[in-house]
$ cat protein_14.cif   # mmCIF, C-alpha atoms
data_start
loop_
_atom_site.label_atom_id
_atom_site.label_comp_id
_atom_site.auth_asym_id
_atom_site.auth_seq_id
_atom_site.Cartn_x
_atom_site.Cartn_y
_atom_site.Cartn_z
CA MET A 1104 -118.74 -48.40 83.63
CA ILE A 1105 -118.20 -51.90 82.38
CA GLY A 1106 -118.21 -54.75 84.87
CA ALA A 1107 -115.18 -56.41 86.43
CA ARG A 1108 -115.31 -59.44 84.14
CA ALA A 1109 -115.53 -57.21 81.10
CA VAL A 1110 -112.71 -55.12 82.53
CA ALA A 1111 -110.63 -58.28 82.63
CA CYS A 1112 -110.61 -58.22 78.86
CA LEU A 1113 -108.08 -55.42 79.30
CA LEU A 1114 -105.77 -57.53 81.45
CA VAL A 1115 -102.72 -59.55 80.58
CA GLY A 1116 -103.08 -63.08 79.14
CA LEU A 1117 -100.88 -66.12 79.02
CA GLY A 1118 -100.22 -68.76 76.40
CA LEU A 1119 -99.31 -72.35 77.26
CA PRO A 1120 -97.20 -74.28 74.77
CA LEU A 1121 -98.41 -77.45 73.15
CA PRO A 1122 -96.13 -80.29 74.23
CA VAL A 1123 -93.57 -81.51 71.71
CA PHE A 1124 -91.40 -84.46 72.66
CA ALA A 1125 -88.42 -84.98 70.43
CA GLY A 1126 -86.11 -86.35 73.09
CA PRO A 1127 -83.37 -84.50 74.96
CA GLN A 1128 -81.56 -81.83 72.94
CA ALA A 1129 -78.85 -79.71 74.47
CA GLY A 1130 -75.77 -79.33 72.32
CA GLY A 1131 -75.47 -75.87 70.80
CA THR A 1132 -74.04 -74.66 67.52
CA GLY A 1133 -72.84 -71.26 66.38
CA ARG A 1134 -70.24 -68.74 67.41
CA SER A 1135 -69.02 -68.58 70.99
CA GLY A 1136 -68.66 -65.28 72.82
CA PHE A 1137 -70.21 -61.84 72.44
CA SER A 1138 -71.87 -60.66 69.22
CA LEU A 1139 -73.45 -57.46 67.94
CA TYR A 1140 -76.57 -58.04 65.87
CA SER A 1141 -78.17 -55.68 63.38
CA SER A 1142 -79.13 -52.04 64.02
CA ARG A 1143 -82.25 -50.30 62.66
CA ILE A 1144 -83.16 -46.67 62.01
CA THR A 1145 -86.69 -45.99 60.76
CA ALA A 1146 -89.11 -43.08 60.59
CA GLY A 1147 -92.73 -42.76 59.56
CA VAL A 1148 -96.26 -42.03 60.69
CA ASP A 1149 -98.72 -43.66 63.09
CA THR A 1150 -102.31 -42.79 62.18
CA ALA A 1151 -104.07 -43.80 65.40
CA ILE A 1152 -101.94 -44.31 68.48
CA VAL A 1153 -104.41 -45.56 71.10
CA THR A 1154 -103.91 -43.56 74.29
CA GLU A 1155 -106.05 -43.06 77.39
CA GLU A 1156 -107.03 -39.63 76.07
CA GLY A 1157 -108.11 -40.98 72.67
CA ARG A 1158 -106.54 -41.58 69.26
CA VAL A 1159 -103.44 -39.61 68.31
CA GLU A 1160 -101.77 -39.26 64.90
CA ASP A 1161 -98.11 -38.34 64.87
CA GLY A 1162 -94.78 -38.88 63.17
CA VAL A 1163 -92.44 -41.36 64.84
CA PHE A 1164 -88.70 -42.12 64.78
CA VAL A 1165 -87.44 -45.53 65.96
CA PHE A 1166 -83.81 -46.40 66.66
CA VAL A 1167 -82.49 -49.81 67.69
CA PRO A 1168 -78.74 -49.34 68.40
CA THR A 1169 -78.04 -53.07 68.34
CA ALA A 1170 -78.80 -56.28 70.16
CA VAL A 1171 -75.91 -57.46 72.34
CA ALA A 1172 -75.76 -61.22 72.64
CA PHE A 1173 -73.60 -63.83 74.31
CA GLN A 1174 -73.52 -67.47 73.33
CA LYS A 1175 -71.50 -70.38 74.66
CA PRO A 1176 -72.24 -73.66 72.89
CA SER A 1177 -70.70 -77.04 73.67
CA PRO A 1178 -71.47 -80.62 72.63
CA ARG A 1179 -73.68 -81.19 75.72
CA SER A 1180 -74.96 -77.71 76.56
CA ASN A 1181 -75.77 -74.28 75.21
CA LEU A 1182 -76.07 -70.90 76.93
CA GLN A 1183 -77.59 -67.86 75.22
CA PHE A 1184 -78.24 -64.33 76.42
CA ILE A 1185 -79.42 -61.28 74.50
CA TYR A 1186 -80.48 -57.71 75.27
CA GLU A 1187 -82.06 -55.25 72.85
CA PRO A 1188 -83.10 -51.62 73.51
CA GLU A 1189 -85.44 -49.61 71.32
CA ILE A 1190 -85.82 -45.81 71.34
CA GLU A 1191 -89.10 -44.22 70.20
CA ILE A 1192 -89.28 -40.46 69.56
CA TYR A 1193 -92.50 -38.76 68.41
CA GLN A 1194 -92.63 -35.62 66.30
CA THR A 1195 -95.06 -33.53 68.39
CA ARG A 1196 -96.16 -35.72 71.33
CA SER A 1197 -92.99 -35.78 73.40
CA ASP A 1198 -94.99 -37.31 76.27
CA LEU A 1199 -95.16 -40.53 74.20
CA ASN A 1200 -91.38 -40.82 73.85
CA ALA A 1201 -90.11 -44.08 75.30
CA ILE A 1202 -87.19 -46.44 75.67
CA ASN A 1203 -88.31 -50.07 75.42
CA HIS A 1204 -86.21 -52.94 76.73
CA ALA A 1205 -86.19 -56.67 75.97
CA ALA A 1206 -83.82 -59.32 77.29
CA ALA A 1207 -83.75 -63.09 77.54
CA ILE A 1208 -81.57 -65.97 78.69
CA ALA A 1209 -81.82 -69.61 77.65
CA TYR A 1210 -79.87 -72.62 78.87
CA SER A 1211 -80.02 -76.24 77.78
CA ARG A 1212 -77.99 -79.18 78.96
CA GLU A 1213 -77.90 -82.92 78.53
CA PRO A 1214 -76.71 -84.18 81.93
CA ALA A 1215 -77.15 -87.81 80.88
CA ARG A 1216 -77.61 -89.61 77.57
CA ARG A 1217 -81.34 -90.01 78.18
CA SER A 1218 -82.10 -86.70 79.88
CA GLY A 1219 -82.28 -83.09 78.80
CA LEU A 1220 -82.76 -79.90 80.83
CA ARG A 1221 -84.01 -76.54 79.60
CA ALA A 1222 -84.34 -73.37 81.64
CA GLY A 1223 -84.45 -69.67 81.09
CA GLY A 1224 -86.36 -66.46 81.37
CA SER A 1225 -87.15 -63.17 79.68
CA PHE A 1226 -87.88 -59.54 80.50
CA LEU A 1227 -89.96 -57.04 78.55
CA ARG A 1228 -90.66 -53.39 79.27
CA THR A 1229 -92.64 -51.63 76.57
CA HIS A 1230 -95.14 -48.81 76.10
CA ASP A 1231 -96.68 -50.32 72.95
CA ARG A 1232 -97.50 -53.96 73.61
CA SER A 1233 -99.67 -54.37 70.49
CA ARG A 1234 -96.74 -53.46 68.23
CA GLN A 1235 -94.05 -55.54 69.92
CA THR A 1236 -95.92 -58.75 70.74
CA SER A 1237 -98.55 -61.03 69.28
CA GLY A 1238 -102.04 -60.98 70.65
CA LEU A 1239 -105.74 -61.59 70.31
CA ALA A 1240 -106.74 -57.98 70.96
CA VAL A 1241 -105.37 -54.48 70.47
CA SER A 1242 -104.17 -52.85 73.69
CA PRO A 1243 -104.12 -49.11 74.48
CA ARG A 1244 -100.67 -47.54 74.75
CA GLY A 1245 -99.33 -47.69 78.28
CA LEU A 1246 -96.54 -49.15 80.36
CA TYR A 1247 -96.38 -52.93 80.33
CA VAL A 1248 -93.72 -54.91 82.22
CA GLU A 1249 -93.31 -58.66 82.08
CA GLY A 1250 -90.93 -61.15 83.67
CA ARG A 1251 -91.03 -64.82 82.75
CA GLY A 1252 -89.23 -67.94 83.93
CA TYR A 1253 -89.46 -71.55 82.78
CA ALA A 1254 -87.85 -74.93 83.26
CA SER A 1255 -88.44 -78.37 81.77
CA LEU A 1256 -86.92 -81.81 82.08
CA ASP A 1257 -87.11 -84.44 79.34
CA HIS A 1258 -86.25 -88.07 79.95
CA ARG A 1259 -86.27 -90.92 77.46
CA LEU A 1260 -87.97 -93.99 78.88
CA GLY A 1261 -86.99 -95.99 75.81
CA PRO A 1262 -85.76 -95.57 72.25
CA ARG A 1263 -89.02 -93.90 71.17
CA THR A 1264 -90.80 -92.89 74.39
CA SER A 1265 -90.07 -89.81 76.48
CA ILE A 1266 -91.62 -87.98 79.43
CA ARG A 1267 -91.55 -84.25 80.10
CA LEU A 1268 -92.05 -82.21 83.26
CA GLY A 1269 -92.34 -78.47 82.84
CA ALA A 1270 -93.19 -75.33 84.81
CA GLN A 1271 -93.63 -71.71 83.78
CA SER A 1272 -94.24 -68.53 85.74
CA TRP A 1273 -95.21 -65.04 84.56
CA LEU A 1274 -95.28 -61.82 86.55
CA THR A 1275 -96.83 -58.84 84.76
CA ARG A 1276 -97.63 -55.22 85.50
CA SER A 1277 -99.92 -53.12 83.32
CA GLN A 1278 -101.82 -49.84 83.59
CA ALA A 1279 -105.55 -49.96 84.30
CA PRO A 1280 -107.46 -48.02 81.62
CA THR A 1281 -109.09 -44.80 82.84
CA PHE A 1282 -112.58 -45.76 81.66
CA THR A 1283 -112.76 -48.77 83.99
CA ASP A 1284 -114.10 -48.72 87.55
CA PHE A 1285 -110.62 -48.80 89.08
CA SER A 1286 -107.29 -47.13 88.41
CA GLY A 1287 -103.61 -47.70 89.04
CA GLU A 1288 -101.46 -50.69 88.18
CA LEU A 1289 -102.48 -54.31 87.80
CA ASP A 1290 -99.99 -56.88 89.10
CA GLU A 1291 -100.75 -60.41 87.97
CA TRP A 1292 -98.98 -63.69 88.65
CA ARG A 1293 -99.59 -66.73 86.46
CA ASN A 1294 -98.19 -70.22 86.83
CA SER A 1295 -98.51 -73.46 84.93
CA PHE A 1296 -97.30 -77.01 85.41
CA THR A 1297 -97.26 -79.62 82.65
CA VAL A 1298 -96.53 -83.33 82.56
CA GLY A 1299 -96.63 -85.19 79.27
CA LEU A 1300 -95.76 -88.42 77.53
CA GLY A 1301 -94.51 -88.61 73.93
CA ARG A 1302 -94.12 -91.54 71.58
CA ALA A 1303 -92.21 -91.39 68.29
CA LEU A 1304 -93.81 -93.70 65.74
CA ASN A 1305 -90.73 -93.28 63.55
CA GLU A 1306 -88.26 -90.52 62.69
CA ALA A 1307 -90.99 -88.32 61.21
CA HIS A 1308 -94.19 -88.96 63.18
CA GLU A 1309 -94.90 -88.43 66.86
CA LEU A 1310 -97.84 -88.69 69.25
CA SER A 1311 -98.10 -87.07 72.69
CA VAL A 1312 -100.52 -86.55 75.56
CA ALA A 1313 -100.20 -83.92 78.28
CA TYR A 1314 -101.89 -82.63 81.41
CA THR A 1315 -101.57 -78.95 82.36
CA ARG A 1316 -102.58 -77.09 85.50
CA PHE A 1317 -102.91 -73.33 85.17
CA GLU A 1318 -103.33 -70.78 88.00
CA SER A 1319 -103.53 -66.99 88.00
CA SER A 1320 -104.12 -64.32 90.61
CA PHE A 1321 -103.82 -60.57 91.21
CA LEU A 1322 -101.07 -59.69 93.66
CA ASN A 1323 -102.68 -56.34 94.45
CA ALA A 1324 -106.32 -57.45 94.55
CA GLU A 1325 -106.91 -55.52 97.78
CA GLU A 1326 -106.10 -52.28 95.94
CA LEU A 1327 -108.66 -52.91 93.21
CA THR A 1328 -112.41 -52.47 93.17
CA GLY A 1329 -114.93 -54.57 91.35
CA GLU A 1330 -116.50 -57.98 91.71
CA ASP A 1331 -114.65 -61.28 91.48
CA LEU A 1332 -111.32 -59.70 90.60
CA ASP A 1333 -109.50 -61.91 93.07
CA ASP A 1334 -111.53 -65.03 92.17
CA ARG A 1335 -109.37 -66.21 89.30
CA GLY A 1336 -109.58 -69.94 89.98
CA GLY A 1337 -107.59 -72.62 88.22
CA GLN A 1338 -107.86 -74.56 85.00
CA ASP A 1339 -107.02 -78.17 84.15
CA SER A 1340 -106.50 -79.36 80.60
CA LEU A 1341 -105.83 -82.75 79.03
CA SER A 1342 -104.74 -82.85 75.40
CA GLY A 1343 -103.39 -85.16 72.74
CA ALA A 1344 -101.23 -84.08 69.80
CA TYR A 1345 -99.81 -85.45 66.57
CA THR A 1346 -96.81 -83.96 64.75
CA ALA A 1347 -95.11 -84.94 61.51
CA THR A 1348 -91.72 -83.52 60.50
CA LEU A 1349 -90.61 -84.35 56.97
CA VAL A 1350 -87.01 -83.17 56.96
CA ALA A 1351 -86.31 -83.89 53.30
CA SER A 1352 -89.18 -81.72 52.08
CA GLY A 1353 -88.98 -79.11 54.85
CA VAL A 1354 -92.59 -79.74 55.89
CA ARG A 1355 -93.99 -79.89 59.42
CA PHE A 1356 -97.66 -80.34 60.20
CA GLY A 1357 -99.90 -81.66 62.92
CA GLY A 1358 -102.71 -80.94 65.31
CA SER A 1359 -104.05 -81.41 68.80
CA ALA A 1360 -107.33 -81.67 70.64
CA GLY A 1361 -108.13 -81.53 74.33
CA LEU A 1362 -110.59 -80.98 77.14
CA ILE A 1363 -110.40 -78.07 79.61
CA ARG A 1364 -112.03 -78.03 83.05
CA LEU A 1365 -112.92 -74.85 84.91
CA PRO A 1366 -113.79 -75.47 88.58
CA ARG A 1367 -116.76 -73.38 89.74
CA GLU A 1368 -118.66 -73.13 93.02
CA SER A 1369 -121.84 -73.97 91.14
CA GLY A 1370 -120.21 -76.95 89.43
CA ASP A 1371 -117.41 -77.64 86.98
CA GLU A 1372 -117.59 -76.21 83.47
CA TYR A 1373 -115.93 -77.77 80.43
CA THR A 1374 -114.84 -76.67 76.99
CA TYR A 1375 -112.62 -78.10 74.28
CA SER A 1376 -109.39 -77.04 72.62
CA LEU A 1377 -108.43 -77.63 69.01
CA ALA A 1378 -105.32 -76.73 67.03
CA THR A 1379 -103.77 -77.45 63.65
CA HIS A 1380 -100.68 -76.15 61.90
CA PHE A 1381 -98.69 -76.49 58.68
CA ASP A 1382 -95.18 -75.14 58.04
CA LYS A 1383 -93.00 -75.32 54.94
CA ALA A 1384 -89.34 -74.28 54.82
CA TRP A 1385 -87.24 -73.74 51.73
CA SER A 1386 -83.54 -72.87 51.69
CA SER A 1387 -84.22 -69.17 52.20
CA PHE A 1388 -87.99 -68.85 52.74
CA ASN A 1389 -90.51 -70.07 55.34
CA PHE A 1390 -94.32 -70.29 55.20
CA GLY A 1391 -96.77 -71.31 57.92
CA VAL A 1392 -100.48 -71.40 58.63
CA SER A 1393 -102.23 -72.31 61.88
CA TYR A 1394 -105.60 -72.32 63.64
CA GLN A 1395 -106.37 -72.66 67.35
CA ARG A 1396 -109.41 -72.72 69.59
CA SER A 1397 -109.01 -72.66 73.36
CA LEU A 1398 -109.52 -70.50 76.42
CA SER A 1399 -107.89 -67.14 75.93
CA GLY A 1400 -105.61 -67.76 78.90
CA GLN A 1401 -104.32 -71.01 77.43
CA LEU A 1402 -104.15 -70.13 73.75
CA ARG A 1403 -100.88 -69.48 71.98
CA PHE A 1404 -99.74 -69.43 68.39
CA GLU A 1405 -98.10 -72.63 67.17
CA SER A 1406 -94.54 -71.46 67.51
CA ASP A 1407 -91.47 -71.86 69.69
CA THR A 1408 -90.90 -68.10 69.51
CA PRO A 1409 -91.49 -66.35 72.88
CA ALA A 1410 -92.92 -63.36 71.01
CA ASP A 1411 -95.90 -65.51 70.05
CA VAL A 1412 -97.01 -66.23 73.61
CA ILE A 1413 -100.42 -64.61 74.03
CA ARG A 1414 -100.32 -61.68 76.48
CA ASP A 1415 -103.76 -60.32 75.80
CA PRO A 1416 -106.03 -58.62 78.31
CA LEU A 1417 -108.67 -61.33 78.22
CA LEU A 1418 -110.48 -63.44 80.76
CA ASP A 1419 -108.86 -66.78 81.42
CA ASP A 1420 -112.17 -68.53 80.70
CA GLY A 1421 -112.99 -66.55 77.54
CA VAL A 1422 -113.18 -68.83 74.49
CA ALA A 1423 -110.81 -67.61 71.76
CA GLN A 1424 -110.22 -68.65 68.17
CA SER A 1425 -107.21 -67.54 66.14
CA ALA A 1426 -106.05 -68.12 62.55
CA ASN A 1427 -102.60 -67.04 61.42
CA VAL A 1428 -100.52 -66.98 58.25
CA THR A 1429 -96.78 -66.24 58.49
CA LEU A 1430 -94.07 -65.96 55.87
CA GLY A 1431 -90.54 -64.73 55.69
CA GLY A 1432 -87.25 -65.06 53.87
CA GLU A 1433 -85.46 -63.95 50.74
CA ILE A 1434 -86.85 -63.78 47.23
CA GLY A 1435 -83.99 -63.90 44.78
CA ARG A 1436 -80.75 -62.22 45.76
CA ARG A 1437 -82.04 -58.72 46.49
CA LEU A 1438 -85.47 -58.86 48.15
CA THR A 1439 -86.28 -59.78 51.75
CA LEU A 1440 -89.85 -60.27 52.93
CA SER A 1441 -91.49 -61.13 56.26
CA GLY A 1442 -95.05 -60.80 57.42
CA GLN A 1443 -97.96 -62.13 59.41
CA VAL A 1444 -101.74 -61.98 59.01
CA SER A 1445 -103.85 -62.80 62.08
CA LEU A 1446 -107.58 -63.14 62.61
CA SER A 1447 -109.09 -63.72 66.04
CA ARG A 1448 -112.52 -63.96 67.63
CA THR A 1449 -112.85 -63.99 71.41
CA ASP A 1450 -116.01 -64.44 73.46
CA VAL A 1451 -115.63 -62.61 76.77
CA ALA A 1452 -118.00 -62.76 79.73
CA GLY A 1453 -119.64 -59.38 80.22
CA PHE A 1454 -119.73 -58.58 76.50
CA GLU A 1455 -122.81 -59.26 74.40
CA THR A 1456 -120.78 -59.68 71.23
CA PRO A 1457 -117.22 -61.01 70.78
CA LEU A 1458 -114.00 -59.13 70.16
CA GLU A 1459 -112.89 -59.55 66.54
CA THR A 1460 -109.37 -58.51 65.58
CA PHE A 1461 -107.51 -58.36 62.28
CA VAL A 1462 -103.76 -57.66 62.30
CA VAL A 1463 -101.28 -57.39 59.41
CA THR A 1464 -97.52 -56.85 59.72
CA THR A 1465 -95.19 -56.70 56.72
CA ASP A 1466 -91.49 -55.91 56.25
CA VAL A 1467 -89.93 -55.54 52.81
CA GLY A 1468 -86.21 -54.97 52.35
CA LEU A 1469 -83.84 -54.42 49.41
CA VAL A 1470 -80.35 -55.91 49.80
CA LEU A 1471 -77.91 -53.22 48.63
CA THR A 1472 -74.84 -54.84 50.19
CA ASP A 1473 -74.19 -57.74 52.53
CA ARG A 1474 -74.48 -55.34 55.46
CA LEU A 1475 -77.02 -52.71 54.40
CA ILE A 1476 -80.74 -53.17 53.69
CA PRO A 1477 -83.24 -50.32 53.16
CA MET A 1478 -86.64 -51.46 54.47
CA ILE A 1479 -90.31 -50.53 54.61
CA ASN A 1480 -92.55 -51.69 57.45
CA LEU A 1481 -96.37 -51.71 57.51
CA MET A 1482 -98.44 -52.59 60.57
CA TYR A 1483 -102.24 -52.49 60.55
CA TRP A 1484 -104.64 -53.28 63.39
CA ASP A 1485 -108.44 -53.38 63.27
CA GLN A 1486 -110.60 -54.42 66.22
CA GLN A 1487 -114.38 -54.55 66.43
CA ALA A 1488 -115.95 -54.66 69.90
CA PRO A 1489 -119.28 -53.84 71.57
CA GLN A 1490 -117.63 -51.10 73.61
CA GLU A 1491 -116.63 -48.04 71.60
CA VAL A 1492 -113.48 -47.59 73.69
CA LEU A 1493 -112.28 -51.02 72.52
CA THR A 1494 -112.91 -50.43 68.80
CA TYR A 1495 -109.62 -49.58 67.10
CA SER A 1496 -108.29 -49.03 63.59
CA ARG A 1497 -104.61 -48.14 63.43
CA THR A 1498 -101.97 -47.98 60.69
CA ARG A 1499 -98.24 -47.49 61.21
CA ILE A 1500 -95.90 -47.08 58.23
CA THR A 1501 -92.15 -46.59 58.62
CA ALA A 1502 -89.13 -46.73 56.34
CA GLY A 1503 -85.44 -46.80 57.07
CA LEU A 1504 -82.22 -48.77 57.09
CA ARG A 1505 -81.03 -51.99 58.67
CA PHE A 1506 -77.30 -52.50 59.19
CA PHE A 1507 -75.60 -55.83 59.93
CA TRP A 1508 -72.48 -55.59 62.07
CA ASP A 1509 -71.29 -58.90 60.59
CA ALA A 1510 -72.17 -59.73 57.00
CA PRO A 1511 -74.56 -62.71 57.00
CA PRO A 1512 -74.03 -65.39 54.36
CA SER A 1513 -76.13 -64.83 51.24
CA GLY A 1514 -79.51 -66.55 51.47
CA ARG A 1515 -79.17 -67.20 55.21
CA ARG A 1516 -80.26 -63.93 56.83
CA MET A 1517 -83.32 -65.66 58.30
CA ASN A 1518 -81.06 -67.98 60.31
CA TYR A 1519 -78.16 -65.63 60.89
CA GLU A 1520 -79.78 -63.90 63.83
CA ASN A 1521 -81.55 -66.94 65.27
CA VAL A 1522 -80.49 -66.02 68.82
CA ARG A 1523 -82.95 -63.11 68.59
CA GLY A 1524 -85.67 -65.75 68.59
CA ILE A 1525 -85.46 -66.07 72.38
CA LEU A 1526 -86.47 -62.41 72.84
CA PRO A 1527 -90.06 -61.84 74.02
CA ILE A 1528 -90.76 -59.37 71.17
CA ARG A 1529 -92.01 -59.76 67.64
CA PRO A 1530 -89.06 -60.06 65.20
CA VAL A 1531 -88.83 -57.07 62.85
CA GLY A 1532 -87.31 -57.08 59.39
CA GLN A 1533 -86.01 -60.61 59.46
#

$ encode --input "protein_14.cif" --output "structure tokens"
Amino acid sequence: MIGARAVACLLVGLGLPLPVFAGPQAGGTGRSGFSLYSSRITAGVDTAIVTEEGRVEDGVFVFVPTAVAFQKPSPRSNLQFIYEPEIEIYQTRSDLNAINHAAAIAYSREPARRSGLRAGGSFLRTHDRSRQTSGLAVSPRGLYVEGRGYASLDHRLGPRTSIRLGAQSWLTRSQAPTFTDFSGELDEWRNSFTVGLGRALNEAHELSVAYTRFESSFLNAEELTGEDLDDRGGQDSLSGAYTATLVASGVRFGGSAGLIRLPRESGDEYTYSLATHFDKAWSSFNFGVSYQRSLSGQLRFESDTPADVIRDPLLDDGVAQSANVTLGGEIGRRLTLSGQVSLSRTDVAGFETPLETFVVTTDVGLVLTDRLIPMINLMYWDQQAPQEVLTYSRTRITAGLRFFWDAPPSGRRMNYENVRGILPIRPVGQ
């Protein structure tokens, strides 16, 4: 049996966003009312589905009927809601069949000329967390449920200076792996509070500093066995960030550095965080590269997409490094392409060597008509770990069709379904 702290590398993680202060923004754009987004039908093979009984190879059929969305924009506010189901059917392993659900709501409002309010939440119920969300480690197949809520208030102190107050809360439930020294479900509650100050040097360049307090605990600690499972503690971090946004050239880049404190009975421990990112946007294509070093509980990809919040089963005080390359858009008039390559290395207490993970996701589509796109999807995971049960190599290849209920304008498919960006799942085929 592995120890409780090593077991925690199979628990759910949390990512905290780097502060960005661009002043209050509330007014929404786009269509008002209900919308039906694209549907997908794909079929293929999964070479190594990671289950509690071992690795399973099987054919798989995936059907997304549609995402149902509601949007109500106005000059001073914007309300968005979206729900998307996904049906998975396996060729021989009917016990793996599942219906996954994802939903989210987002609200922004500018109650005064100098103030902006953002609030919202999301819900995710999936049996294959590694496929639907980003992460630092590959997770075995099993039920995972997540509810998230957030709120933030921005206020301009002057023409170029703003302050932000923000809070986030996550409630997760996941299955304990059978090879650990306890069984059943793990219920975890995580909370963070952030206060930050931003200063715009000009229209393109911005500096910010922020303090974040992070807490986590098991709600069912009394049902679990093992040492220190209910001794999660808190973390304090202080960071500074620089961001440049060059609108004319479609370039955004920047970085941040900070100090993280971990209170301990034997004395406080400290480590540092570091992040850098570069993004380039053309009229119909986007490219980005990023690197981050932080505690696994506080690390997230440099993105405003909820799907990129780290949910990995890692110790909050495990040091993690992650490098990512993302791209997506249209090449010419007929080809669509999206993909991500991720490398991560995570040092976890209880393991002699770190977890090292390599993940590739790619979607290629051929535009036959404005509404119909045949597509091929490739997902590959490889994880090296000191424990054999945590060493994975998995490939999933599917092909099928994507149908748009409303024909998106040519060259703008990446932005056409932007409301899907608030869903807590990895975008597919965009």

$ residues_around --input "protein_14.cif" --residues "region 1496-1508 of chain A" --least-positions-apart "6" --cutoff "6 Å" --atoms "all atoms listed in the file" --output "list in words"
Ser1141, Ser1142, Arg1143, Ile1144, Thr1145, Ala1146, Gly1147, Val1148, Asp1149, Thr1150, Ala1151, Arg1474, Leu1475, Ile1476, Pro1477, Met1478, Ile1479, Asn1480, Leu1481, Met1482, Tyr1483, Trp1484 and Asp1485 of chain A

$ residues_around --input "protein_14.cif" --residues "region 1299-1309 of chain A" --least-positions-apart "4" --cutoff "12 Å" --atoms "only C-alpha atoms" --output "PyMOL selection string"
chain A and resi 1120-1127+1255-1270+1313-1316+1340-1359

$ residues_around --input "protein_14.cif" --residues "region 1169-1173 of chain A" --least-positions-apart "2" --cutoff "7 Å" --atoms "only C-alpha atoms" --output "PyMOL selection string"
chain A and resi 1136-1142+1167+1175+1183-1187

$ resolve_selection --input "protein_14.cif" --expression "the PyMOL selection byres ((chain A and resi 1424) around 6)" --output "list of chain:residue names"
A:Gln1395, A:Arg1396, A:Ala1423, A:Ser1425, A:Ser1447, A:Arg1448

$ atom_distance --input "protein_14.cif" --atom1 "CA of Val1422 (chain A)" --atom2 "CA of Gly1238 (chain A)"
14.2 Å

$ closest_residue --input "protein_14.cif" --among "A:Tyr1373, A:Val1165, A:Pro1214, A:Gln1490" --to "Gly1453 (chain A)" --atoms "all atoms listed in the file"
A:Gln1490

$ atom_distance --input "protein_14.cif" --atom1 "CA of Phe1226 (chain A)" --atom2 "CA of Ile1208 (chain A)"
9.2 Å

$ atom_distance --input "protein_14.cif" --atom1 "CA of Ser1386 (chain A)" --atom2 "CA of Leu1438 (chain A)"
14.6 Å

$ resolve_selection --input "protein_14.cif" --expression "the PyMOL selection byres ((chain A and resi 1376) around 8)" --output "mmCIF file with C-alpha atoms, in the frame of the given file"
data_model
loop_
_atom_site.group_PDB
_atom_site.id
_atom_site.type_symbol
_atom_site.label_atom_id
_atom_site.label_comp_id
_atom_site.auth_asym_id
_atom_site.auth_seq_id
_atom_site.Cartn_x
_atom_site.Cartn_y
_atom_site.Cartn_z
ATOM 1 C CA SER A 1342 -104.740 -82.850 75.400
ATOM 2 C CA SER A 1359 -104.050 -81.410 68.800
ATOM 3 C CA ALA A 1360 -107.330 -81.670 70.640
ATOM 4 C CA GLY A 1361 -108.130 -81.530 74.330
ATOM 5 C CA LEU A 1362 -110.590 -80.980 77.140
ATOM 6 C CA ILE A 1363 -110.400 -78.070 79.610
ATOM 7 C CA THR A 1374 -114.840 -76.670 76.990
ATOM 8 C CA TYR A 1375 -112.620 -78.100 74.280
ATOM 9 C CA LEU A 1377 -108.430 -77.630 69.010
ATOM 10 C CA ALA A 1378 -105.320 -76.730 67.030
ATOM 11 C CA GLN A 1395 -106.370 -72.660 67.350
ATOM 12 C CA ARG A 1396 -109.410 -72.720 69.590
ATOM 13 C CA SER A 1397 -109.010 -72.660 73.360
ATOM 14 C CA LEU A 1398 -109.520 -70.500 76.420
#

$ residues_around --input "protein_14.cif" --residues "Ser1225 (chain A)" --least-positions-apart "3" --cutoff "7 Å" --atoms "only C-alpha atoms" --output "ChimeraX atom specification"
/A:1206-1208,1250-1252,1526-1527

$ closest_residue --input "protein_14.cif" --among "A:Gly1435, A:Leu1246, A:Ser1218, A:Gln1235" --to "Ala1201 (chain A)" --atoms "only C-alpha atoms"
A:Leu1246

$ resolve_selection --input "protein_14.cif" --expression "the PyMOL selection byres ((chain A and resi 1487) around 9)" --output "list in words"
Pro1457, Leu1458, Glu1459, Thr1460, Phe1461, Asp1485, Gln1486, Ala1488, Pro1489, Gln1490, Glu1491, Leu1493, Thr1494, Tyr1495 and Ser1496 of chain A

$ closest_residue --input "protein_14.cif" --among "A:Ser1277, A:Gly1370, A:Val1298, A:Leu1239" --to "Asn1427 (chain A)" --atoms "all atoms listed in the file"
A:Leu1239

$ residues_near_point --input "protein_14.cif" --point "(-108.8, -75.4, 86.5)" --cutoff "6 Å" --atoms "only C-alpha atoms" --output "PDB file with C-alpha atoms, in the frame of the given file"
ATOM      1  CA  GLY A1337    -107.590 -72.620  88.220  1.00  0.00           C
ATOM      2  CA  GLN A1338    -107.860 -74.560  85.000  1.00  0.00           C
ATOM      3  CA  ASP A1339    -107.020 -78.170  84.150  1.00  0.00           C
ATOM      4  CA  ARG A1364    -112.030 -78.030  83.050  1.00  0.00           C
ATOM      5  CA  LEU A1365    -112.920 -74.850  84.910  1.00  0.00           C
ATOM      6  CA  PRO A1366    -113.790 -75.470  88.580  1.00  0.00           C
TER       7      PRO A1366
END
